[in-house]
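For reference, input-v1.cif (mmCIF, C-alpha atoms):
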```cif
data_work
#
loop_
_atom_site.label_atom_id
_atom_site.label_comp_id
_atom_site.auth_asym_id
_atom_site.auth_seq_id
_atom_site.Cartn_x
_atom_site.Cartn_y
_atom_site.Cartn_z
CA MET A 1 -63.71 37.86 200.02
CA LYS A 2 -60.46 37.61 198.05
CA ILE A 3 -57.48 39.35 199.64
CA ILE A 4 -54.39 39.48 197.44
CA THR A 5 -51.05 39.38 199.23
CA ASP A 6 -48.69 38.09 196.52
CA THR A 7 -47.69 39.07 193.00
CA LYS A 8 -48.89 35.82 191.38
CA SER A 9 -52.45 36.27 192.64
CA LEU A 10 -52.38 39.93 191.64
CA THR A 11 -51.27 39.01 188.12
CA GLN A 12 -54.14 36.53 187.77
CA ALA A 13 -56.70 39.06 189.03
CA CYS A 14 -55.46 41.76 186.67
CA GLN A 15 -55.52 39.34 183.73
CA GLN A 16 -59.12 38.51 184.60
CA CYS A 17 -60.01 42.21 184.71
CA ALA A 18 -58.32 42.74 181.33
CA GLU A 19 -60.87 40.39 179.76
CA HIS A 20 -63.70 42.82 180.56
CA SER A 21 -64.68 46.19 179.12
CA PHE A 22 -64.36 47.96 182.48
CA CYS A 23 -63.11 47.54 186.03
CA THR A 24 -63.90 49.58 189.13
CA VAL A 25 -61.07 50.85 191.32
CA ASP A 26 -60.65 52.56 194.68
CA THR A 27 -57.79 53.12 197.10
CA GLU A 28 -57.40 53.56 200.83
CA PHE A 29 -54.53 55.72 202.00
CA LEU A 30 -53.21 57.95 204.76
CA ARG A 31 -52.08 61.52 204.24
CA GLU A 32 -52.51 63.40 207.50
CA SER A 33 -48.83 63.44 208.45
CA THR A 34 -47.07 63.18 205.07
CA PHE A 35 -46.77 65.14 201.84
CA TRP A 36 -47.02 62.03 199.68
CA PRO A 37 -50.04 59.80 200.39
CA ILE A 38 -49.27 56.40 201.91
CA LEU A 39 -51.10 53.75 199.90
CA CYS A 40 -52.55 51.03 202.15
CA LEU A 41 -55.11 49.12 200.08
CA ILE A 42 -56.37 48.86 196.52
CA GLN A 43 -59.88 47.61 195.85
CA MET A 44 -60.66 46.33 192.37
CA ALA A 45 -63.63 44.65 190.71
CA CYS A 46 -64.68 43.46 187.26
CA ALA A 47 -68.12 42.34 186.15
CA ASP A 48 -67.93 38.95 187.85
CA ASP A 49 -65.34 39.20 190.63
CA GLU A 50 -63.75 41.53 193.16
CA TRP A 51 -60.52 41.74 195.17
CA ILE A 52 -58.73 43.64 197.90
CA ILE A 53 -55.02 44.14 197.24
CA ASP A 54 -52.93 44.46 200.39
CA VAL A 55 -50.13 46.67 199.12
CA GLN A 56 -48.31 46.32 202.46
CA ALA A 57 -47.88 42.56 202.02
CA ASP A 58 -44.23 41.49 202.00
CA GLY A 59 -42.76 41.14 198.51
CA ILE A 60 -45.87 42.12 196.53
CA ASN A 61 -45.09 43.83 193.21
CA LEU A 62 -47.80 46.18 191.90
CA THR A 63 -46.58 46.11 188.29
CA PRO A 64 -49.53 43.93 187.08
CA PHE A 65 -51.94 46.47 188.54
CA PHE A 66 -50.16 49.39 186.88
CA ASP A 67 -50.18 47.48 183.58
CA LEU A 68 -53.95 47.12 183.91
CA MET A 69 -54.29 50.85 184.61
CA ALA A 70 -52.43 51.51 181.34
CA ASN A 71 -54.52 49.03 179.33
CA LYS A 72 -56.49 51.19 176.88
CA LYS A 73 -59.00 48.42 176.21
CA VAL A 74 -60.36 48.54 179.76
CA VAL A 75 -62.25 51.54 181.16
CA LYS A 76 -61.12 52.33 184.71
CA VAL A 77 -64.07 53.47 186.81
CA PHE A 78 -63.52 55.63 189.92
CA HIS A 79 -65.71 57.82 192.09
CA ALA A 80 -64.11 61.23 192.72
CA ALA A 81 -61.02 59.98 190.94
CA ARG A 82 -58.53 62.76 191.53
CA GLN A 83 -56.81 61.49 194.70
CA ASP A 84 -56.79 57.88 193.49
CA VAL A 85 -55.25 58.88 190.17
CA GLU A 86 -52.72 61.11 191.95
CA ILE A 87 -51.52 58.13 194.01
CA ILE A 88 -51.11 55.94 190.91
CA TYR A 89 -49.31 58.76 189.09
CA ASN A 90 -46.91 59.33 191.98
CA LEU A 91 -46.11 55.62 192.32
CA ALA A 92 -45.86 54.63 188.66
CA GLU A 93 -45.72 57.89 186.67
CA LEU A 94 -48.76 56.85 184.68
CA ILE A 95 -52.35 58.01 184.52
CA PRO A 96 -55.07 55.37 184.18
CA THR A 97 -56.64 55.55 180.74
CA PRO A 98 -59.38 55.51 179.64
CA ILE A 99 -61.04 56.74 182.82
CA PHE A 100 -64.64 57.27 183.95
CA ASP A 101 -65.41 59.32 187.05
CA THR A 102 -68.89 58.55 188.37
CA GLN A 103 -69.01 61.76 190.42
CA VAL A 104 -68.57 63.85 187.27
CA ALA A 105 -71.01 61.65 185.33
CA ALA A 106 -73.54 62.02 188.16
CA MET A 107 -73.38 65.82 187.85
CA VAL A 108 -74.03 65.55 184.13
CA CYS A 109 -76.93 63.19 184.78
CA GLY A 110 -78.64 65.47 187.30
CA TYR A 111 -77.61 64.03 190.67
CA GLY A 112 -76.46 67.39 192.04
CA ASP A 113 -73.10 68.98 192.77
CA SER A 114 -70.28 66.67 193.94
CA ILE A 115 -72.53 63.89 195.24
CA SER A 116 -70.89 61.47 197.67
CA TYR A 117 -70.41 57.81 196.81
CA ASP A 118 -72.82 56.47 199.42
CA GLN A 119 -75.53 58.93 198.39
CA LEU A 120 -75.12 57.99 194.75
CA VAL A 121 -75.23 54.27 195.51
CA TYR A 122 -78.44 54.76 197.47
CA LYS A 123 -80.13 56.84 194.75
CA ILE A 124 -79.25 54.37 192.00
CA THR A 125 -79.40 51.00 193.75
CA GLY A 126 -81.41 51.67 196.90
CA THR A 127 -78.59 50.22 199.04
CA SER A 128 -77.55 52.01 202.24
CA LEU A 129 -73.82 51.62 202.91
CA ASP A 130 -72.31 51.22 206.36
CA LYS A 131 -70.09 54.31 206.82
CA SER A 132 -68.79 53.48 210.32
CA SER A 133 -65.33 52.46 209.04
CA ARG A 134 -64.78 55.61 207.00
CA PHE A 135 -62.07 57.01 209.28
CA THR A 136 -60.16 53.77 209.74
CA ASP A 137 -56.37 53.74 210.02
CA TRP A 138 -55.83 51.59 206.93
CA SER A 139 -52.14 51.10 207.70
CA LYS A 140 -52.78 48.92 210.75
CA ARG A 141 -52.80 45.15 210.42
CA PRO A 142 -54.71 42.97 210.72
CA LEU A 143 -57.80 44.67 209.30
CA SER A 144 -61.14 43.44 210.61
CA GLU A 145 -63.80 41.75 208.51
CA LYS A 146 -65.94 44.86 208.95
CA GLN A 147 -63.20 47.12 207.62
CA LEU A 148 -62.55 44.90 204.63
CA THR A 149 -66.27 44.65 203.83
CA TYR A 150 -66.53 48.44 203.94
CA ALA A 151 -63.52 48.82 201.64
CA LEU A 152 -64.78 46.28 199.13
CA ALA A 153 -68.19 47.97 198.92
CA ASP A 154 -66.44 50.96 197.36
CA VAL A 155 -65.96 48.97 194.15
CA THR A 156 -68.73 46.35 194.13
CA HIS A 157 -71.64 48.82 194.11
CA LEU A 158 -69.66 51.04 191.78
CA ARG A 159 -70.29 48.50 189.02
CA ASP A 160 -74.05 49.11 189.14
CA VAL A 161 -73.54 52.86 189.45
CA TYR A 162 -71.30 52.87 186.36
CA ARG A 163 -73.72 50.79 184.28
CA SER A 164 -76.64 53.06 185.21
CA LEU A 165 -74.81 56.32 184.55
CA ASN A 166 -73.23 55.07 181.35
CA ALA A 167 -76.63 54.01 180.01
CA ASN A 168 -78.10 57.36 181.05
CA LEU A 169 -75.36 59.27 179.25
CA LYS A 170 -75.81 57.28 176.06
CA GLU A 171 -79.58 57.66 176.16
CA GLN A 172 -79.30 61.44 176.54
CA GLU A 173 -76.35 61.64 174.12
CA ARG A 174 -74.15 63.24 176.78
CA ALA A 175 -71.26 60.78 176.86
CA HIS A 176 -68.96 63.30 175.15
CA TRP A 177 -69.69 65.81 177.93
CA VAL A 178 -68.05 63.50 180.45
CA SER A 179 -65.21 62.73 178.03
CA GLU A 180 -64.32 66.43 177.92
CA GLU A 181 -64.19 66.53 181.72
CA MET A 182 -61.89 63.52 181.82
CA GLU A 183 -59.24 65.49 179.93
CA ILE A 184 -58.46 67.38 183.15
CA LEU A 185 -58.19 64.17 185.18
CA THR A 186 -55.87 62.59 182.63
CA SER A 187 -53.51 65.54 182.32
CA PRO A 188 -50.11 65.11 184.07
CA GLU A 189 -50.14 68.83 184.92
CA THR A 190 -53.06 68.14 187.26
CA TYR A 191 -50.83 66.01 189.50
CA ASP A 192 -47.35 67.41 189.02
CA MET A 193 -47.34 71.17 189.54
CA PRO A 194 -43.75 72.49 189.40
CA PRO A 195 -42.66 73.98 192.76
CA GLU A 196 -42.07 77.36 191.08
CA ASN A 197 -45.81 77.50 190.38
CA ALA A 198 -46.82 76.64 193.95
CA TRP A 199 -47.79 80.27 194.57
CA LYS A 200 -50.78 79.75 192.28
CA ARG A 201 -52.40 77.72 195.07
CA LEU A 202 -52.52 80.89 197.17
CA LYS A 203 -54.89 83.82 197.15
CA MET A 204 -53.48 86.96 195.56
CA ARG A 205 -52.89 89.26 198.54
CA ALA A 206 -49.68 90.91 197.39
CA ARG A 207 -50.08 94.66 196.90
CA LYS A 208 -46.63 95.45 195.55
CA PRO A 209 -44.34 93.75 193.01
CA ARG A 210 -41.73 93.02 195.70
CA GLU A 211 -44.33 91.35 197.90
CA LEU A 212 -45.38 89.17 194.97
CA ALA A 213 -41.77 88.16 194.35
CA VAL A 214 -41.31 87.17 197.99
CA MET A 215 -44.59 85.26 198.00
CA LYS A 216 -43.50 83.27 194.92
CA HIS A 217 -40.09 82.43 196.34
CA VAL A 218 -41.44 81.48 199.76
CA ALA A 219 -44.22 79.35 198.26
CA GLN A 220 -41.63 77.55 196.15
CA TRP A 221 -39.41 77.08 199.22
CA ARG A 222 -42.32 75.63 201.19
CA GLU A 223 -43.24 73.24 198.37
CA GLU A 224 -39.68 71.98 197.95
CA THR A 225 -39.19 71.67 201.71
CA ALA A 226 -42.46 69.78 202.22
CA ARG A 227 -41.62 67.36 199.41
CA ALA A 228 -38.05 66.80 200.56
CA ASN A 229 -39.12 66.07 204.13
CA ASN A 230 -42.37 64.31 203.16
CA VAL A 231 -44.52 66.44 205.46
CA PRO A 232 -47.74 68.40 204.72
CA ARG A 233 -47.30 71.93 203.43
CA GLY A 234 -49.06 73.35 206.47
CA ARG A 235 -46.57 71.67 208.78
CA VAL A 236 -43.76 73.61 207.13
CA MET A 237 -45.65 76.90 206.96
CA ARG A 238 -49.31 77.88 206.87
CA ASP A 239 -50.68 79.99 204.03
CA ASP A 240 -51.32 82.94 206.36
CA ALA A 241 -47.67 82.89 207.36
CA ILE A 242 -46.61 83.18 203.71
CA TYR A 243 -48.72 86.33 203.38
CA ASP A 244 -47.17 87.72 206.57
CA VAL A 245 -43.62 86.98 205.42
CA SER A 246 -44.33 88.52 202.00
CA SER A 247 -45.52 91.71 203.64
CA ARG A 248 -42.85 92.04 206.38
CA GLN A 249 -39.91 90.53 204.44
CA PRO A 250 -37.63 89.72 207.42
CA SER A 251 -33.87 89.80 206.84
CA ASN A 252 -32.60 87.95 209.91
CA ILE A 253 -33.56 85.41 212.55
CA LYS A 254 -34.62 88.10 215.07
CA GLN A 255 -37.06 89.66 212.61
CA LEU A 256 -38.29 86.20 211.70
CA SER A 257 -39.02 85.44 215.36
CA GLU A 258 -41.22 88.54 215.58
CA LEU A 259 -43.69 87.30 212.97
CA ARG A 260 -46.88 86.12 214.66
CA GLY A 261 -47.91 83.98 211.69
CA LEU A 262 -45.04 81.51 212.14
CA SER A 263 -45.23 78.66 214.60
CA ARG A 264 -43.36 79.05 217.88
CA GLY A 265 -39.69 78.21 217.59
CA PHE A 266 -39.72 78.44 213.78
CA ASP A 267 -36.75 80.81 213.86
CA LYS A 268 -34.73 78.22 215.80
CA ASN A 269 -35.59 75.08 213.86
CA ARG A 270 -34.01 73.72 210.68
CA TYR A 271 -36.29 75.79 208.44
CA GLY A 272 -35.44 79.30 209.64
CA ASN A 273 -32.17 79.95 207.80
CA SER A 274 -33.30 78.32 204.54
CA LEU A 275 -36.46 80.45 204.58
CA LEU A 276 -34.37 83.59 205.01
CA LYS A 277 -32.33 82.59 201.95
CA ALA A 278 -35.54 82.28 199.90
CA ILE A 279 -36.67 85.71 201.07
CA ALA A 280 -33.26 87.21 200.30
CA SER A 281 -33.28 85.82 196.76
CA ALA A 282 -36.59 87.55 196.11
CA LYS A 283 -35.35 90.83 197.63
CA ALA A 284 -32.28 90.69 195.40
CA ILE A 285 -34.30 90.90 192.19
CA PRO A 286 -33.74 94.33 190.52
CA ASP A 287 -36.77 96.60 190.61
CA ASP A 288 -37.02 96.74 186.83
CA GLU A 289 -37.23 92.93 186.64
CA LEU A 290 -40.07 92.55 189.10
CA GLU A 291 -43.36 91.22 187.82
CA LYS A 292 -46.22 93.67 188.04
CA ILE A 293 -49.22 92.87 190.21
CA PRO A 294 -51.97 91.49 187.97
CA ARG A 295 -54.88 93.87 188.13
CA PRO A 296 -58.36 92.63 187.22
CA LYS A 297 -60.04 94.61 184.49
CA GLN A 298 -62.53 97.13 185.74
CA ALA A 299 -65.95 95.64 185.10
CA PRO A 300 -68.24 97.83 182.98
CA GLU A 301 -71.07 99.54 184.80
CA GLY A 302 -74.06 97.26 185.30
CA CYS A 303 -72.09 93.99 185.30
CA ALA A 304 -73.25 93.04 188.77
CA ALA A 305 -76.87 93.22 187.68
CA ALA A 306 -76.09 91.30 184.49
CA ALA A 307 -74.38 88.57 186.50
CA GLU A 308 -77.46 88.23 188.71
CA MET A 309 -79.56 87.86 185.58
CA LEU A 310 -77.24 85.13 184.31
CA LYS A 311 -77.63 83.28 187.61
CA VAL A 312 -81.36 83.04 186.96
CA LEU A 313 -80.70 81.75 183.44
CA LEU A 314 -78.31 79.16 184.87
CA LYS A 315 -80.98 77.98 187.28
CA VAL A 316 -83.50 77.70 184.45
CA THR A 317 -80.95 75.68 182.42
CA VAL A 318 -80.23 73.35 185.34
CA GLU A 319 -83.92 72.67 185.90
CA LYS A 320 -84.57 72.09 182.21
CA TYR A 321 -81.66 69.75 181.46
CA GLY A 322 -81.06 68.15 184.84
CA VAL A 323 -77.36 69.05 184.99
CA ALA A 324 -75.58 70.27 188.12
CA ALA A 325 -74.98 74.02 188.05
CA LYS A 326 -71.39 73.57 189.25
CA ILE A 327 -70.36 71.67 186.15
CA ILE A 328 -71.91 74.22 183.75
CA ALA A 329 -70.68 77.52 185.15
CA THR A 330 -69.25 78.99 188.34
CA VAL A 331 -70.17 82.37 189.82
CA ASP A 332 -66.78 83.60 188.60
CA ASP A 333 -67.67 82.42 185.07
CA LEU A 334 -70.94 84.36 185.18
CA GLU A 335 -69.22 87.55 186.35
CA LYS A 336 -66.64 87.29 183.58
CA ILE A 337 -69.31 86.69 180.92
CA ALA A 338 -71.23 89.70 182.24
CA ALA A 339 -68.10 91.81 181.72
CA ASP A 340 -66.87 90.34 178.43
CA ASP A 341 -68.59 88.46 175.60
CA ASN A 342 -65.27 86.78 174.77
CA ALA A 343 -64.37 85.77 178.32
CA ASP A 344 -61.98 82.80 178.54
CA VAL A 345 -64.23 80.59 180.67
CA ALA A 346 -65.38 76.98 180.37
CA ALA A 347 -69.00 78.08 180.13
CA LEU A 348 -68.28 79.58 176.69
CA LYS A 349 -66.65 76.43 175.31
CA GLY A 350 -67.72 73.02 174.04
CA TRP A 351 -70.97 71.49 175.21
CA ARG A 352 -71.40 74.13 177.91
CA LYS A 353 -71.57 76.85 175.30
CA GLU A 354 -74.22 74.93 173.39
CA LEU A 355 -76.21 74.28 176.54
CA PHE A 356 -75.81 77.60 178.34
CA GLY A 357 -73.12 79.94 177.00
CA ASN A 358 -74.85 81.00 173.80
CA LYS A 359 -78.07 81.78 175.69
CA ALA A 360 -76.07 83.68 178.30
CA LEU A 361 -74.68 85.95 175.59
CA ASP A 362 -78.12 86.29 174.00
CA LEU A 363 -79.65 87.29 177.35
CA LYS A 364 -76.89 89.75 178.12
CA ASN A 365 -77.24 91.39 174.71
CA GLY A 366 -81.04 91.52 174.68
CA ARG A 367 -81.72 88.84 172.07
CA ILE A 368 -83.71 86.83 174.60
CA ALA A 369 -85.42 87.73 177.85
CA LEU A 370 -86.67 85.99 180.98
CA GLY A 371 -90.30 86.03 181.96
CA TYR A 372 -92.50 84.42 184.59
CA LYS A 373 -95.29 82.40 183.08
CA LYS A 374 -97.30 79.36 184.22
CA ARG A 375 -95.54 79.41 187.60
CA ALA A 376 -92.09 79.15 186.06
CA VAL A 377 -89.34 81.37 184.70
CA GLN A 378 -89.19 80.97 180.95
CA ILE A 379 -86.92 82.12 178.15
CA ILE A 380 -88.57 84.55 175.72
CA ASP A 381 -87.28 85.18 172.20
CA THR A 382 -87.16 88.94 171.61
CA SER A 383 -85.85 88.82 168.05
CA ASN A 384 -89.34 88.87 166.53
#
```
Exercise: express the given structure as structure tokens:
Amino acid sequence: MKIITDTKSLTQACQQCAEHSFCTVDTEFLRESTFWPILCLIQMACADDEWIIDVQADGINLTPFFDLMANKKVVKVFHAARQDVEIIYNLAELIPTPIFDTQVAAMVCGYGDSISYDQLVYKITGTSLDKSSRFTDWSKRPLSEKQLTYALADVTHLRDVYRSLNANLKEQERAHWVSEEMEILTSPETYDMPPENAWKRLKMRARKPRELAVMKHVAQWREETARANNVPRGRVMRDDAIYDVSSRQPSNIKQLSELRGLSRGFDKNRYGNSLLKAIASAKAIPDDELEKIPRPKQAPEGCAAAAEMLKVLLKVTVEKYGVAAKIIATVDDLEKIAADDNADVAALKGWRKELFGNKALDLKNGRIALGYKKRAVQIIDTSN
């Protein structure tokens, strides 16, 4: 087992990886008590070697690793890449490219919705992974041999998983399906949402324009406060408390102390007065400048039944093509298609439209039908 603790060794390992067409990557980090994840380890492997990079080693410079992540000649393979990519983006302001997410590829290849790494490894290689070190505190040193072996397995078996899925995609001519999905993972907007848009993480519970304004300002305040103090959002204020504040709109510390949604002593700690300022700024917006509450369009009569019909079609499509339902269309997608032929949903774009969307519109508009024949639901052409 090769454990890298200095920049020279890291440079050599990254140069070796750069000689191959792909490398597998994983990270171990802590995030329970901070806003920004604390990177503890990086695991990396190429076709003929593998390493563990101890990022906590004194004096180690991760620049060679970041250079490898930016090398467009080498495919970077992750499983469930989003958090790993977020860490790299936050540390180096770069997004690994090109990228291949085996969890997404597995959905395209028929391994179900959001399959875990150990399940995927077992289905493809027949190897059962030891999961006993999953909840390790990766910041503590020294790490045991068992912990290091567990960490390294996250990239060694990933090589075989990648080769299998990549071959499967090419054989079925679905490689471009995964490429389209990677566009989301490689977009900076995925990892750097402006604080003023933090309210979009919340459910829309505001009933009046003023409540919406307060919710936006408070959500922005929470985001900025959490970032500045490097603590989780929920430690500053829970989502439910934001809804409560938006509804009650307290103007002073006494009113703030009466809100049940806030943690005890919130009105007396360092956050109380700054929260009141955020609320006041929202209350100061003139009525005629307030944003109206977005109202969903009233669904035409019969949409609920049409959506149920589309669910059956989706199931038929999944069984026929061996693609996870989650990656083709969500329940929300189906409801929007049932209400509008031109709905702005992923299911009516790109490969999804070819696979499912066009048939969904045909079924909705009576050009095809569903029937039960030979112990299976089948699509029936009604145009003849």
Ground truth for the PyMOL selection byres ((chain A and resi 187) around 12), written as a CSV table (one decimal) with C-alpha atoms, in the frame of the given file:
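Just written: out-v8.csv:
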```
chain,number,residue,atom,x,y,z
A,82,ARG,CA,-58.5,62.8,191.5
A,85,VAL,CA,-55.2,58.9,190.2
A,86,GLU,CA,-52.7,61.1,192.0
A,89,TYR,CA,-49.3,58.8,189.1
A,93,GLU,CA,-45.7,57.9,186.7
A,94,LEU,CA,-48.8,56.8,184.7
A,95,ILE,CA,-52.4,58.0,184.5
A,96,PRO,CA,-55.1,55.4,184.2
A,97,THR,CA,-56.6,55.6,180.7
A,98,PRO,CA,-59.4,55.5,179.6
A,99,ILE,CA,-61.0,56.7,182.8
A,180,GLU,CA,-64.3,66.4,177.9
A,181,GLU,CA,-64.2,66.5,181.7
A,182,MET,CA,-61.9,63.5,181.8
A,183,GLU,CA,-59.2,65.5,179.9
A,184,ILE,CA,-58.5,67.4,183.2
A,185,LEU,CA,-58.2,64.2,185.2
A,186,THR,CA,-55.9,62.6,182.6
A,188,PRO,CA,-50.1,65.1,184.1
A,189,GLU,CA,-50.1,68.8,184.9
A,190,THR,CA,-53.1,68.1,187.3
A,191,TYR,CA,-50.8,66.0,189.5
A,192,ASP,CA,-47.4,67.4,189.0
A,193,MET,CA,-47.3,71.2,189.5
```
### Query
Within 12 Å of region 135-151 of chain A, counting all atoms listed in the file, which residues qualify if same-chain residues fewer than 6 places away don't, as a ChimeraX atom specification?
/A:1-3,25-32,37-45,50-57,118,128-129,157-158
### Message
Could you list, as JSON, numbers by chain, every residue within 9 Å of region 252-259 of chain A, counting only C-alpha atoms and ignoring same-chain residues fewer than 5 positions away?
### Response
{"A": [241, 244, 245, 264, 265, 266, 267, 268, 272, 273, 276]}
#### Entry: Which of A:Asp160, A:Asp340, A:Glu211, A:Glu173 sits closest to Arg248 (chain A) [using all atoms listed in the file]
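With all atoms listed in the file as the atom set, the closest residue is A:Glu211.
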### Task
Name every residue that the PyMOL selection byres ((chain A and resi 209) around 10) selects in this structure, writing the answer as an MDAnalysis selection string with chains first and numbers rising.
chainID A and resid 206:208 210:215 287 289:294
Could you please take those selected residues and save C-alpha atoms as a PDB file, keeping the file's coordinate frame?
```
ATOM      1  CA  ALA A 206     -49.680  90.910 197.390  1.00  0.00           C
ATOM      2  CA  ARG A 207     -50.080  94.660 196.900  1.00  0.00           C
ATOM      3  CA  LYS A 208     -46.630  95.450 195.550  1.00  0.00           C
ATOM      4  CA  ARG A 210     -41.730  93.020 195.700  1.00  0.00           C
ATOM      5  CA  GLU A 211     -44.330  91.350 197.900  1.00  0.00           C
ATOM      6  CA  LEU A 212     -45.380  89.170 194.970  1.00  0.00           C
ATOM      7  CA  ALA A 213     -41.770  88.160 194.350  1.00  0.00           C
ATOM      8  CA  VAL A 214     -41.310  87.170 197.990  1.00  0.00           C
ATOM      9  CA  MET A 215     -44.590  85.260 198.000  1.00  0.00           C
ATOM     10  CA  ASP A 287     -36.770  96.600 190.610  1.00  0.00           C
ATOM     11  CA  GLU A 289     -37.230  92.930 186.640  1.00  0.00           C
ATOM     12  CA  LEU A 290     -40.070  92.550 189.100  1.00  0.00           C
ATOM     13  CA  GLU A 291     -43.360  91.220 187.820  1.00  0.00           C
ATOM     14  CA  LYS A 292     -46.220  93.670 188.040  1.00  0.00           C
ATOM     15  CA  ILE A 293     -49.220  92.870 190.210  1.00  0.00           C
ATOM     16  CA  PRO A 294     -51.970  91.490 187.970  1.00  0.00           C
TER      17      PRO A 294
END
```
### Summary
Across A:Phe66, A:Phe22, A:Tyr117, A:Phe100, the smallest distance to Asp154 (chain A), with only C-alpha atoms counted, is shown by A:Tyr117
### Task
Would you kindly translate the PyMOL selection byres ((chain A and resi 174) around 12) into the concrete residues it picks from this file, as a list of chain:residue names?
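Here the PyMOL selection byres ((chain A and resi 174) around 12) matches A:Val104, A:Ala105, A:Ala106, A:Met107, A:Val108, A:Cys109, A:Gly110, A:Leu165, A:Asn166, A:Ala167, A:Asn168, A:Leu169, A:Lys170, A:Glu171, A:Gln172, A:Glu173, A:Ala175, A:His176, A:Trp177, A:Val178, A:Ser179, A:Glu180, A:Glu181, A:Tyr321, A:Gly322, A:Val323, A:Trp351, A:Arg352, A:Leu355.
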### Message
Just the number, please: distance in Å from CA of Ser164 (chain A) to CA of Lys349 (chain A), one decimal.
### Response
27.3 Å
Can region 250-264 of chain A be brought up to N, CA and C atoms and written out as a JSON list (two decimals), keeping the file's coordinate frame?
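That gives us result21.json:
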```json
[["chain", "number", "residue", "atom", "x", "y", "z"],
["A", 250, "PRO", "N", -38.71, 89.73, 206.42],
["A", 250, "PRO", "CA", -37.63, 89.72, 207.42],
["A", 250, "PRO", "C", -36.27, 89.40, 206.79],
["A", 251, "SER", "N", -35.22, 89.99, 207.37],
["A", 251, "SER", "CA", -33.87, 89.80, 206.84],
["A", 251, "SER", "C", -32.98, 88.96, 207.74],
["A", 252, "ASN", "N", -33.42, 88.71, 208.99],
["A", 252, "ASN", "CA", -32.60, 87.95, 209.91],
["A", 252, "ASN", "C", -33.49, 87.14, 210.86],
["A", 253, "ILE", "N", -32.83, 86.31, 211.65],
["A", 253, "ILE", "CA", -33.56, 85.41, 212.55],
["A", 253, "ILE", "C", -34.40, 86.19, 213.56],
["A", 254, "LYS", "N", -33.88, 87.30, 214.08],
["A", 254, "LYS", "CA", -34.62, 88.10, 215.07],
["A", 254, "LYS", "C", -35.93, 88.61, 214.47],
["A", 255, "GLN", "N", -35.85, 89.17, 213.25],
["A", 255, "GLN", "CA", -37.06, 89.66, 212.61],
["A", 255, "GLN", "C", -38.02, 88.51, 212.31],
["A", 256, "LEU", "N", -37.45, 87.37, 211.98],
["A", 256, "LEU", "CA", -38.29, 86.20, 211.70],
["A", 256, "LEU", "C", -39.05, 85.79, 212.96],
["A", 257, "SER", "N", -38.40, 85.85, 214.10],
["A", 257, "SER", "CA", -39.02, 85.44, 215.36],
["A", 257, "SER", "C", -40.15, 86.36, 215.77],
["A", 258, "GLU", "N", -40.20, 87.56, 215.21],
["A", 258, "GLU", "CA", -41.22, 88.54, 215.58],
["A", 258, "GLU", "C", -42.52, 88.39, 214.79],
["A", 259, "LEU", "N", -42.49, 87.50, 213.79],
["A", 259, "LEU", "CA", -43.69, 87.30, 212.97],
["A", 259, "LEU", "C", -44.67, 86.39, 213.71],
["A", 260, "ARG", "N", -45.88, 86.87, 213.90],
["A", 260, "ARG", "CA", -46.88, 86.12, 214.66],
["A", 260, "ARG", "C", -47.44, 84.95, 213.86],
["A", 261, "GLY", "N", -47.32, 85.02, 212.53],
["A", 261, "GLY", "CA", -47.91, 83.98, 211.69],
["A", 261, "GLY", "C", -47.14, 82.67, 211.72],
["A", 262, "LEU", "N", -45.87, 82.72, 212.11],
["A", 262, "LEU", "CA", -45.04, 81.51, 212.14],
["A", 262, "LEU", "C", -45.23, 80.77, 213.45],
["A", 263, "SER", "N", -45.08, 79.46, 213.39],
["A", 263, "SER", "CA", -45.23, 78.66, 214.60],
["A", 263, "SER", "C", -44.09, 78.96, 215.56],
["A", 264, "ARG", "N", -44.34, 78.75, 216.86],
["A", 264, "ARG", "CA", -43.36, 79.05, 217.88],
["A", 264, "ARG", "C", -42.08, 78.23, 217.67]]
```
